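Pasting work.txt here (compact mmCIF, C-alpha atoms):
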```
# COMPACT_ATOMS: atom_id res chain seq x y z
CA MET A 203 -14.12 9.54 -52.04
CA THR A 204 -11.02 7.72 -50.91
CA ASP A 205 -11.04 4.68 -48.71
CA ARG A 206 -7.98 5.46 -46.66
CA GLY A 207 -9.77 4.30 -43.55
CA GLN A 208 -9.94 0.77 -44.90
CA PRO A 209 -7.00 -1.51 -44.16
CA ASP A 210 -5.24 -2.88 -47.20
CA PRO A 211 -6.58 -6.43 -47.49
CA ALA A 212 -3.23 -7.65 -48.77
CA SER A 213 -1.30 -6.52 -45.67
CA VAL A 214 -3.84 -7.20 -42.93
CA PRO A 215 -5.55 -10.57 -42.86
CA ALA A 216 -9.23 -9.85 -42.27
CA GLU A 217 -9.61 -12.32 -39.43
CA GLU A 218 -6.59 -11.14 -37.52
CA ALA A 219 -7.64 -7.56 -37.85
CA ALA A 220 -10.98 -8.43 -36.36
CA THR A 221 -9.70 -10.30 -33.32
CA GLU A 222 -6.39 -8.65 -32.52
CA SER A 223 -6.01 -5.07 -31.42
CA ASP A 224 -6.04 -2.68 -34.34
CA PHE A 225 -3.13 -0.83 -32.83
CA PRO A 226 0.39 -2.04 -33.60
CA PRO A 227 2.92 -2.14 -30.75
CA LEU A 228 4.67 1.15 -30.07
CA SER A 229 8.07 1.74 -31.59
CA PRO A 230 10.83 2.39 -29.04
CA ALA A 231 10.71 6.09 -29.92
CA GLU A 232 6.93 6.25 -29.49
CA ARG A 233 7.20 4.39 -26.21
CA ASP A 234 9.80 6.85 -24.93
CA GLU A 235 7.65 9.73 -26.02
CA MET A 236 4.59 8.36 -24.29
CA ILE A 237 6.52 7.82 -21.07
CA THR A 238 8.08 11.26 -21.16
CA ALA A 239 4.77 12.93 -21.91
CA ASN A 240 3.23 11.39 -18.79
CA LEU A 241 6.06 11.82 -16.29
CA GLY A 242 4.24 14.85 -14.98
CA LEU A 243 1.26 12.68 -14.12
CA ALA A 244 3.49 10.21 -12.28
CA HIS A 245 5.06 13.08 -10.38
CA GLN A 246 1.74 14.57 -9.35
CA LEU A 247 0.34 11.24 -8.23
CA ALA A 248 3.49 10.62 -6.19
CA ARG A 249 2.90 13.95 -4.46
CA ARG A 250 -0.51 12.74 -3.34
CA PHE A 251 1.22 10.21 -1.11
CA LEU A 252 3.72 12.66 0.30
CA HIS A 253 1.97 13.25 3.63
CA ARG A 254 2.78 9.68 4.62
CA GLY A 255 6.41 10.43 5.28
CA GLU A 256 8.13 8.75 2.36
CA PRO A 257 10.73 10.87 0.52
CA LEU A 258 9.32 12.36 -2.68
CA ASP A 259 12.18 10.93 -4.75
CA ASP A 260 11.26 7.39 -3.76
CA LEU A 261 7.62 7.98 -4.50
CA VAL A 262 8.39 9.51 -7.87
CA GLN A 263 10.53 6.53 -8.67
CA VAL A 264 7.78 4.07 -7.78
CA ALA A 265 5.29 6.11 -9.81
CA SER A 266 7.63 6.34 -12.78
CA VAL A 267 8.25 2.61 -12.87
CA ALA A 268 4.48 2.13 -12.70
CA LEU A 269 4.09 4.56 -15.58
CA VAL A 270 6.47 2.53 -17.72
CA LYS A 271 4.47 -0.58 -16.86
CA SER A 272 1.24 1.08 -17.81
CA VAL A 273 2.65 2.26 -21.14
CA ASP A 274 3.71 -1.31 -21.88
CA ARG A 275 0.42 -2.83 -20.82
CA PHE A 276 -1.88 -0.27 -22.31
CA ASP A 277 -4.19 -1.58 -24.99
CA PRO A 278 -5.74 1.30 -26.92
CA GLY A 279 -8.14 -1.19 -28.48
CA ARG A 280 -10.08 -1.37 -25.23
CA GLY A 281 -11.25 2.17 -25.63
CA VAL A 282 -9.96 3.30 -22.24
CA ASP A 283 -8.32 6.67 -21.89
CA PHE A 284 -4.58 6.23 -21.27
CA ALA A 285 -4.44 8.82 -18.49
CA ALA A 286 -7.20 7.00 -16.60
CA PHE A 287 -5.49 3.65 -17.09
CA ALA A 288 -2.10 4.99 -16.03
CA THR A 289 -3.58 6.75 -13.00
CA ARG A 290 -5.11 3.51 -11.86
CA THR A 291 -1.88 1.57 -12.35
CA ILE A 292 0.32 4.18 -10.68
CA ILE A 293 -1.97 4.56 -7.66
CA GLY A 294 -2.05 0.79 -7.34
CA GLU A 295 1.74 0.61 -7.31
CA LEU A 296 2.07 3.47 -4.84
CA LYS A 297 -0.39 1.75 -2.52
CA ARG A 298 1.53 -1.48 -2.84
CA HIS A 299 4.75 0.36 -2.08
CA PHE A 300 3.35 1.56 1.23
CA ARG A 301 1.87 -1.79 2.02
CA ASP A 302 5.17 -3.60 1.43
CA LYS A 303 7.24 -0.96 3.12
CA GLY A 304 8.71 -1.37 6.52
CA TRP A 305 7.98 1.25 9.03
CA ALA A 306 9.77 3.59 11.37
CA VAL A 307 7.73 6.21 13.09
CA ARG A 308 7.55 7.43 16.62
CA ALA A 309 4.27 5.73 17.34
CA SER A 310 3.93 4.36 20.83
CA ARG A 311 5.31 0.89 21.29
CA ARG A 312 1.83 -0.47 21.89
CA VAL A 313 0.63 0.98 18.60
CA GLN A 314 3.73 -0.24 16.81
CA GLU A 315 3.29 -3.74 18.12
CA LEU A 316 -0.36 -3.74 17.23
CA TYR A 317 0.51 -2.46 13.79
CA LEU A 318 2.93 -5.31 13.24
CA GLU A 319 0.39 -7.75 14.57
CA LEU A 320 -2.18 -6.28 12.22
CA GLY A 321 0.11 -6.84 9.26
CA HIS A 322 0.25 -10.50 10.17
CA ALA A 323 -3.45 -10.76 10.92
CA THR A 324 -4.30 -8.97 7.68
CA SER A 325 -2.48 -11.47 5.52
CA THR A 326 -3.78 -14.45 7.46
CA LEU A 327 -7.36 -13.21 7.30
CA ALA A 328 -7.02 -12.23 3.66
CA GLN A 329 -6.08 -15.83 2.89
CA GLU A 330 -8.92 -17.25 4.93
CA LEU A 331 -11.55 -14.86 3.65
CA GLY A 332 -10.35 -14.39 0.10
CA ARG A 333 -10.68 -10.62 0.52
CA SER A 334 -9.19 -7.80 2.52
CA PRO A 335 -10.43 -8.00 6.14
CA THR A 336 -12.59 -5.37 7.83
CA VAL A 337 -11.49 -3.45 10.89
CA ALA A 338 -14.03 -5.40 12.96
CA GLU A 339 -12.48 -8.68 11.84
CA LEU A 340 -8.98 -7.43 12.57
CA ALA A 341 -10.08 -6.27 16.01
CA ARG A 342 -11.56 -9.65 16.78
CA THR A 343 -8.43 -11.48 15.60
CA THR A 344 -5.93 -9.31 17.45
CA GLY A 345 -8.10 -8.84 20.53
CA ALA A 346 -7.77 -5.06 20.25
CA THR A 347 -10.63 -2.60 20.09
CA GLU A 348 -11.69 -1.25 16.72
CA GLU A 349 -10.54 2.17 17.82
CA ALA A 350 -7.06 0.83 18.53
CA VAL A 351 -6.98 -0.91 15.17
CA ILE A 352 -7.90 2.32 13.41
CA GLU A 353 -5.33 4.18 15.46
CA ALA A 354 -2.66 1.69 14.52
CA ILE A 355 -3.58 1.81 10.84
CA GLU A 356 -3.57 5.57 11.12
CA ALA A 357 -0.15 5.55 12.74
CA GLY A 358 1.00 3.15 10.08
CA GLN A 359 0.45 5.88 7.50
CA GLY A 360 3.65 7.52 8.66
CA TYR A 361 5.70 4.47 7.84
CA ARG A 362 8.98 6.26 7.62
CA ALA A 363 10.84 8.76 9.72
CA ALA A 364 13.08 11.36 8.14
CA SER A 365 16.23 10.09 6.46
CA ILE A 366 19.17 9.51 8.76
CA ASP A 367 21.14 11.69 6.38
CA ALA A 368 18.74 14.54 6.98
CA SER A 369 20.11 17.17 9.30
CA GLU A 370 20.19 20.92 9.61
CA ASN A 371 23.93 20.68 9.44
CA GLU A 372 25.12 18.87 6.33
CA ASP A 373 28.54 18.11 7.82
CA ASP A 374 26.94 16.31 10.69
CA PRO A 375 24.25 13.98 9.43
CA LEU A 376 22.54 11.84 11.98
CA SER A 377 24.02 8.77 10.30
CA ALA A 378 27.51 9.89 11.33
CA ARG A 379 26.50 9.66 14.95
CA LEU A 380 25.05 6.20 14.67
CA GLY A 381 26.74 2.85 15.15
CA GLU A 382 28.61 0.81 12.64
CA PHE A 383 27.51 -1.74 10.11
CA ASP A 384 25.33 -4.26 11.82
CA GLY A 385 27.06 -7.63 11.71
CA HIS A 386 23.76 -9.29 12.53
CA TYR A 387 22.79 -9.01 8.90
CA ASP A 388 25.45 -11.56 8.11
CA SER A 389 24.05 -13.95 10.63
CA VAL A 390 20.57 -13.38 9.18
CA GLU A 391 21.90 -14.44 5.80
CA ASP A 392 23.63 -17.42 7.33
CA ARG A 393 20.45 -18.46 9.04
CA ALA A 394 18.49 -18.09 5.84
CA LEU A 395 20.95 -20.46 4.19
CA LEU A 396 21.03 -22.78 7.16
CA GLY A 397 17.27 -23.27 7.53
CA PRO A 398 16.62 -25.37 4.44
CA ALA A 399 19.87 -27.32 4.94
CA LEU A 400 18.92 -28.12 8.50
CA ALA A 401 15.59 -29.49 7.40
CA THR A 402 17.30 -32.17 5.29
CA LEU A 403 19.01 -33.73 8.34
CA PRO A 404 17.48 -36.68 10.19
CA VAL A 405 15.26 -35.60 13.07
CA ARG A 406 17.62 -36.96 15.73
CA GLU A 407 20.56 -34.99 14.32
CA GLN A 408 18.43 -31.86 14.15
CA SER A 409 17.47 -32.19 17.78
CA ILE A 410 21.06 -32.81 18.83
CA LEU A 411 22.16 -29.68 16.98
CA ARG A 412 19.35 -27.76 18.62
CA MET A 413 20.31 -28.95 22.09
CA ARG A 414 23.96 -28.15 21.49
CA PHE A 415 23.74 -24.74 19.81
CA ILE A 416 20.36 -23.32 20.81
CA GLU A 417 19.82 -24.74 24.26
CA GLY A 418 23.56 -24.70 24.96
CA LEU A 419 23.78 -28.19 26.48
CA THR A 420 27.16 -29.92 26.75
CA GLN A 421 27.86 -33.09 24.78
CA SER A 422 27.60 -35.12 28.00
CA GLU A 423 24.21 -33.64 28.82
CA ILE A 424 22.99 -34.38 25.32
CA ALA A 425 24.32 -37.93 25.62
CA ILE A 426 22.17 -38.46 28.71
CA ALA A 427 19.15 -36.87 27.08
CA VAL A 428 19.39 -38.93 23.91
CA GLY A 429 20.60 -42.11 25.56
CA VAL A 430 23.89 -42.60 23.72
CA SER A 431 27.55 -42.18 24.68
CA GLN A 432 29.20 -38.77 24.70
CA MET A 433 31.62 -40.00 22.01
CA HIS A 434 28.68 -40.87 19.83
CA VAL A 435 27.17 -37.41 20.32
CA SER A 436 30.50 -35.92 19.34
CA ARG A 437 30.60 -37.99 16.17
CA LEU A 438 26.99 -37.21 15.31
CA LEU A 439 27.61 -33.49 15.80
CA ALA A 440 30.69 -33.56 13.61
CA ALA A 441 28.86 -35.50 10.91
CA SER A 442 25.81 -33.19 11.04
CA LEU A 443 27.95 -30.10 10.77
CA GLU A 444 29.81 -31.59 7.84
CA LYS A 445 26.52 -32.33 6.06
CA LEU A 446 25.37 -28.77 6.68
CA ARG A 447 28.62 -27.37 5.32
CA GLN A 448 28.19 -29.44 2.20
CA SER A 449 24.61 -28.50 1.48
CA ILE A 450 25.28 -24.81 2.16
CA GLY A 451 28.39 -25.04 0.02
CA GLN A 452 26.23 -26.25 -2.83
CA VAL A 453 23.84 -23.36 -2.52
CA GLY A 454 26.39 -20.62 -2.14
CA ALA A 455 29.60 -22.18 -3.45
CA ASP A 456 30.92 -18.79 -4.49
CA GLU A 457 30.19 -17.00 -1.24
CA VAL A 458 31.56 -19.59 1.12
CA ALA A 459 35.30 -19.45 1.63
CA PRO A 460 37.01 -22.64 0.47
CA ARG A 461 37.87 -24.92 3.34
CA PRO A 462 41.35 -26.44 3.59
CA MET B 49 -19.46 -12.79 18.48
CA SER B 50 -18.34 -9.23 18.58
CA GLU B 51 -20.67 -6.35 19.15
CA THR B 52 -19.90 -4.91 15.77
CA GLU B 53 -21.01 -7.95 13.93
CA SER B 54 -24.30 -8.11 15.68
CA GLY B 55 -24.81 -4.42 15.01
CA GLY B 56 -23.78 -3.00 18.37
CA SER B 57 -23.90 0.65 19.26
CA ASP B 58 -20.44 1.21 17.78
CA THR B 59 -21.50 0.37 14.25
CA LEU B 60 -22.91 2.77 11.72
CA ARG B 61 -26.12 1.44 10.31
CA VAL B 62 -28.01 1.95 7.12
CA GLY B 63 -29.33 5.47 6.98
CA ASP B 64 -26.90 6.85 9.55
CA ARG B 65 -25.49 10.20 8.62
CA VAL B 66 -22.43 12.00 9.96
CA GLU B 67 -21.37 15.55 9.28
CA LEU B 68 -18.01 17.22 9.72
CA THR B 69 -17.47 20.91 9.17
CA PHE B 70 -14.09 22.55 9.28
CA PRO B 71 -12.39 25.69 7.96
CA ALA B 72 -11.62 25.31 4.27
CA ARG B 73 -7.88 25.01 4.53
CA GLY B 74 -5.70 22.47 2.80
CA ASP B 75 -3.80 21.59 5.97
CA LEU B 76 -7.02 20.57 7.70
CA VAL B 77 -7.94 18.02 5.07
CA VAL B 78 -6.18 15.55 7.34
CA LEU B 79 -9.27 15.78 9.57
CA ALA B 80 -11.42 14.70 6.68
CA ARG B 81 -9.16 11.71 6.13
CA LEU B 82 -9.19 10.70 9.78
CA VAL B 83 -12.94 10.89 10.07
CA THR B 84 -13.27 9.00 6.82
CA SER B 85 -11.21 6.13 8.24
CA ALA B 86 -13.30 5.99 11.38
CA ILE B 87 -16.61 6.13 9.57
CA SER B 88 -15.88 3.73 6.76
CA ALA B 89 -14.45 1.26 9.27
CA ARG B 90 -17.67 1.45 11.27
CA ALA B 91 -19.64 1.02 8.07
CA GLY B 92 -17.88 -2.31 7.51
CA PHE B 93 -15.51 -1.42 4.68
CA ASP B 94 -12.39 -3.52 4.35
CA ILE B 95 -9.11 -1.78 5.00
CA GLU B 96 -8.15 -1.55 1.37
CA SER B 97 -11.37 0.30 0.59
CA LEU B 98 -10.72 2.36 3.67
CA GLU B 99 -7.41 3.51 2.20
CA ASP B 100 -9.10 4.25 -1.10
CA LEU B 101 -11.72 6.33 0.67
CA ARG B 102 -9.14 8.27 2.63
CA LEU B 103 -7.33 9.22 -0.53
CA ALA B 104 -10.57 9.91 -2.38
CA VAL B 105 -11.86 12.24 0.32
CA GLY B 106 -8.70 14.29 0.01
CA GLU B 107 -9.44 14.70 -3.69
CA LEU B 108 -13.06 15.50 -2.94
CA CYS B 109 -11.95 18.35 -0.70
CA LEU B 110 -9.56 19.56 -3.38
CA LEU B 111 -12.32 19.46 -5.97
CA ALA B 112 -14.54 21.52 -3.72
CA LEU B 113 -11.74 23.96 -2.93
CA GLN B 114 -10.58 24.37 -6.49
CA GLY B 115 -12.26 27.05 -8.45
CA SER B 116 -13.15 29.17 -5.47
CA ASP B 117 -11.45 31.65 -3.29
CA ALA B 118 -11.76 29.49 -0.22
CA ARG B 119 -9.90 31.56 2.28
CA HIS B 120 -12.96 32.27 4.37
CA GLY B 121 -15.30 29.40 3.74
CA ASP B 122 -16.07 26.15 5.49
CA LEU B 123 -15.86 22.68 4.07
CA CYS B 124 -18.74 20.50 5.11
CA LEU B 125 -18.43 16.76 4.69
CA GLU B 126 -21.49 14.61 4.88
CA PHE B 127 -21.22 10.83 5.17
CA THR B 128 -24.25 8.67 4.55
CA VAL B 129 -24.20 4.93 5.00
CA ALA B 130 -26.57 2.94 2.83
CA ALA B 131 -27.09 -0.80 2.47
CA ASP B 132 -24.04 -1.51 0.37
CA VAL B 133 -22.52 1.89 -0.33
CA ILE B 134 -21.16 4.92 1.40
CA ASP B 135 -21.91 8.37 0.01
CA ILE B 136 -19.66 11.27 0.84
CA THR B 137 -20.50 14.81 -0.13
CA CYS B 138 -18.19 17.74 0.28
CA THR B 139 -19.67 21.22 0.13
CA LEU B 140 -17.80 24.47 0.19
CA ALA B 141 -19.95 27.25 1.58
CA GLY B 142 -19.36 30.88 2.29
CA ALA B 143 -16.40 31.27 -0.02
CA GLY B 144 -15.95 33.99 -2.59
CA PRO B 145 -16.22 33.33 -6.32
CA GLY B 146 -13.26 31.75 -8.06
CA SER B 147 -10.30 33.93 -8.78
CA ARG B 148 -7.80 31.36 -9.88
CA ASP B 149 -6.50 30.79 -13.34
CA ALA B 150 -9.18 28.75 -15.04
CA GLU B 151 -6.70 26.69 -17.04
CA ASP B 152 -4.72 25.70 -13.95
CA THR B 153 -7.87 24.79 -12.11
CA GLY B 154 -9.12 22.72 -15.02
CA GLU B 155 -5.96 20.65 -15.08
CA ALA B 156 -5.97 20.09 -11.32
CA ASP B 157 -9.65 19.15 -11.46
CA GLN B 158 -8.92 16.65 -14.17
CA LEU B 159 -6.22 15.00 -12.09
CA SER B 160 -8.49 14.85 -9.04
CA GLU B 161 -11.23 13.32 -11.14
CA GLN B 162 -8.87 10.73 -12.59
CA ILE B 163 -7.74 9.79 -9.10
CA LEU B 164 -11.35 9.54 -7.96
CA SER B 165 -12.23 7.35 -10.91
CA ALA B 166 -9.44 4.99 -9.87
CA LEU B 167 -10.65 4.81 -6.28
CA VAL B 168 -14.43 5.02 -6.12
CA ASP B 169 -17.43 3.83 -8.10
CA GLU B 170 -19.06 7.17 -8.85
CA TYR B 171 -18.20 10.80 -8.33
CA GLY B 172 -19.24 14.22 -9.53
CA ARG B 173 -19.16 17.94 -8.96
CA THR B 174 -21.84 20.59 -9.14
CA GLN B 175 -21.89 24.27 -8.47
CA ASP B 176 -24.93 26.32 -7.65
CA ASP B 177 -25.45 29.62 -5.84
CA GLY B 178 -21.77 29.96 -5.08
CA ALA B 179 -21.63 26.63 -3.27
CA VAL B 180 -19.38 24.03 -4.81
CA ARG B 181 -20.41 20.47 -4.12
CA ALA B 182 -18.31 17.38 -4.87
CA TRP B 183 -19.53 13.89 -4.10
CA LEU B 184 -18.50 10.27 -4.31
CA ARG B 185 -20.04 6.87 -3.85
CA LYS B 186 -18.19 3.65 -3.06
CA ARG B 187 -19.64 0.19 -2.84
CA ARG B 188 -18.74 -2.34 -0.23
CA ARG B 189 -16.98 -5.22 -1.90
CA GLY B 190 -17.72 -8.86 -1.33
CA HIS B 191 -18.69 -8.32 2.27
CA LEU B 192 -22.35 -9.09 1.88
CA ALA B 193 -21.98 -11.48 -1.01
```
Starting from the coordinates I provided, produce the structure as structure tokens.
Amino acid sequence: MTDRGQPDPASVPAEEAATESDFPPLSPAERDEMITANLGLAHQLARRFLHRGEPLDDLVQVASVALVKSVDRFDPGRGVDFAAFATRTIIGELKRHFRDKGWAVRASRRVQELYLELGHATSTLAQELGRSPTVAELARTTGATEEAVIEAIEAGQGYRAASIDASENEDDPLSARLGEFDGHYDSVEDRALLGPALATLPVREQSILRMRFIEGLTQSEIAIAVGVSQMHVSRLLAASLEKLRQSIGQVGADEVAPRP
Amino acid sequence: MSETESGGSDTLRVGDRVELTFPARGDLVVLARLVTSAISARAGFDIESLEDLRLAVGELCLLALQGSDARHGDLCLEFTVAADVIDITCTLAGAGPGSRDAEDTGEADQLSEQILSALVDEYGRTQDDGAVRAWLRKRRRGHLA
């Protein structure tokens, strides 16, 4: 009788062997092999989510990334079958993908609005309750009927319309007939930068900026509202804008064009 | 308080049973999913469980369809609401005996079963007298705790 099953006491400290997993980490080659061997599983699971309108390629990509994660996290010492573990992880990631995904289907406006409202209500309720809310709770929060909530969730399953590059005629994709790059994205970025900077200003300067640029008041009107001279409003505005430029400049020094 | 919380007429109560029968075709499984949403919502499942159940019911139908020549049969889904679980049974009746490649079927079954194990608490499949029967059970989480 040989005792090949026994670990060599010289190479494996008895205590460590007892507490740590008995399985050493995978070598890069083994890891690759394990991933490759299970790509089929990722692909098939991705197909299960196909009826929801997302392109298969995207789903396969989400599933494949999840597969890599599950290979890295898998602990054979726990006695769980890898396929079962990976299935669980991949389905979880696919579900998350749909949950996080925007949406673009021809649902009625009412349903769309309710769906968006539900997204908000779901996260608020989830925080309050410490669990995912029920349809009854969502209905109560949004003031919609349960049927409407179900309908909206149902409609939400088709998160995504066909690609704008999809077309019967490859030379004439829908995207070619659409407008140009949307400059509003730039202003979204600017606003994202501006928000935190704005919050650092004194309250009075914030409200002067708001009156000037959001409410569109003139400097004289602001002067009356705040009870100072128009010259003073002008100076305060200039100073506030300068402060904003500086704090934004610090955040995104590379992106902001150098001022003279 | 809302009707549903006080157990209004809209809610499914313990012991309530719903049946849905439709032609055993893959493209009609969407009906099973829709009804599953409606029923599990009325049984008080949270929306994450609801999504799990929708997906699981699809697999249940596949499990029942696999292994049989289902071109002429009917799929019958039976939903039973109990105190803290929902039981769903899918029976394929009136279909001819299986004619598909056993190896293929086995692999597809295995995948369906793995998906079910990720989504529900218990599941199984039996076959007697030409009727294939797949079932699942899912517990309501946290709601009553």
Worksheet item: What residues in chain B have any atom no more than 6 Å from chain A when counting only C-alpha atoms, and can you write them as a VMD selection string?
Response: chain B and resid 89 93 to 95 162 166
As JSON: centre and edge lengths in Å, one decimal, of the axis-aligned box holding segment 67-85 of chain B with 6 Å per side:
```
{"center_x": -12.6, "center_y": 15.9, "center_z": 6.4, "size_x": 29.6, "size_y": 31.6, "size_z": 19.3}
```
Worksheet entry | Point (21.7, -30.3, 16.7), cut-off 10 Å, counting only C-alpha atoms, residues as a ChimeraX atom specification | /A:400,403,405-417,424,435,438-439,442-443
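Interatomic distance, atom CA of Ala323 of chain A against atom CA of Gly397 of chain A: 24.4 Å.
Distance-wise, atom CA of Arg181 of chain B and atom CA of Leu159 of chain B end up 17.2 Å apart.
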Worksheet item: Taking into account only C-alpha atoms, which residue in the set B:His120, B:Arg173, B:Arg73, B:Lys186 is nearest to Asp100 of chain B?
Response: B:Lys186
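Counting from atom CA of Val78 of chain B, the distance to atom CA of Val267 of chain A is 28.0 Å.
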Fill in: Radius query 8 Å about (-18.9, 14.0, -4.3), atoms used: only C-alpha atoms, as JSON, numbers by chain
{"B": [108, 135, 136, 137, 138, 171, 172, 173, 181, 182, 183, 184, 185]}
Could you take the residues named above and write them with C-alpha atoms, as a CSV table (one decimal), in the coordinates of the input?
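Result file is out.csv:
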```csv
chain,number,residue,atom,x,y,z
B,108,LEU,CA,-13.1,15.5,-2.9
B,135,ASP,CA,-21.9,8.4,0.0
B,136,ILE,CA,-19.7,11.3,0.8
B,137,THR,CA,-20.5,14.8,-0.1
B,138,CYS,CA,-18.2,17.7,0.3
B,171,TYR,CA,-18.2,10.8,-8.3
B,172,GLY,CA,-19.2,14.2,-9.5
B,173,ARG,CA,-19.2,17.9,-9.0
B,181,ARG,CA,-20.4,20.5,-4.1
B,182,ALA,CA,-18.3,17.4,-4.9
B,183,TRP,CA,-19.5,13.9,-4.1
B,184,LEU,CA,-18.5,10.3,-4.3
B,185,ARG,CA,-20.0,6.9,-3.8
```
Item to complete: Might you pull out every residue within 9 Å of Arg102 of chain B, with all atoms listed in the file counted and same-chain residues fewer than 6 positions away left off, and present them as number ranges by chain?
Response: B: 80-85
Discussion item. Let me make sure I understand: among A:Val262, A:Leu269, A:Val282, A:Ala425, which one has the smallest atom-to-atom distance to Ile237 of chain A if we use only C-alpha atoms?
Written reply: A:Leu269
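Using all atoms listed in the file, the contacts of Glu232 of chain A at a cut-off of 12 Å, with sequence neighbours closer than 6 positions omitted, comprise Pro226, Thr238, Ala239, Val273 and Asp274 of chain A.
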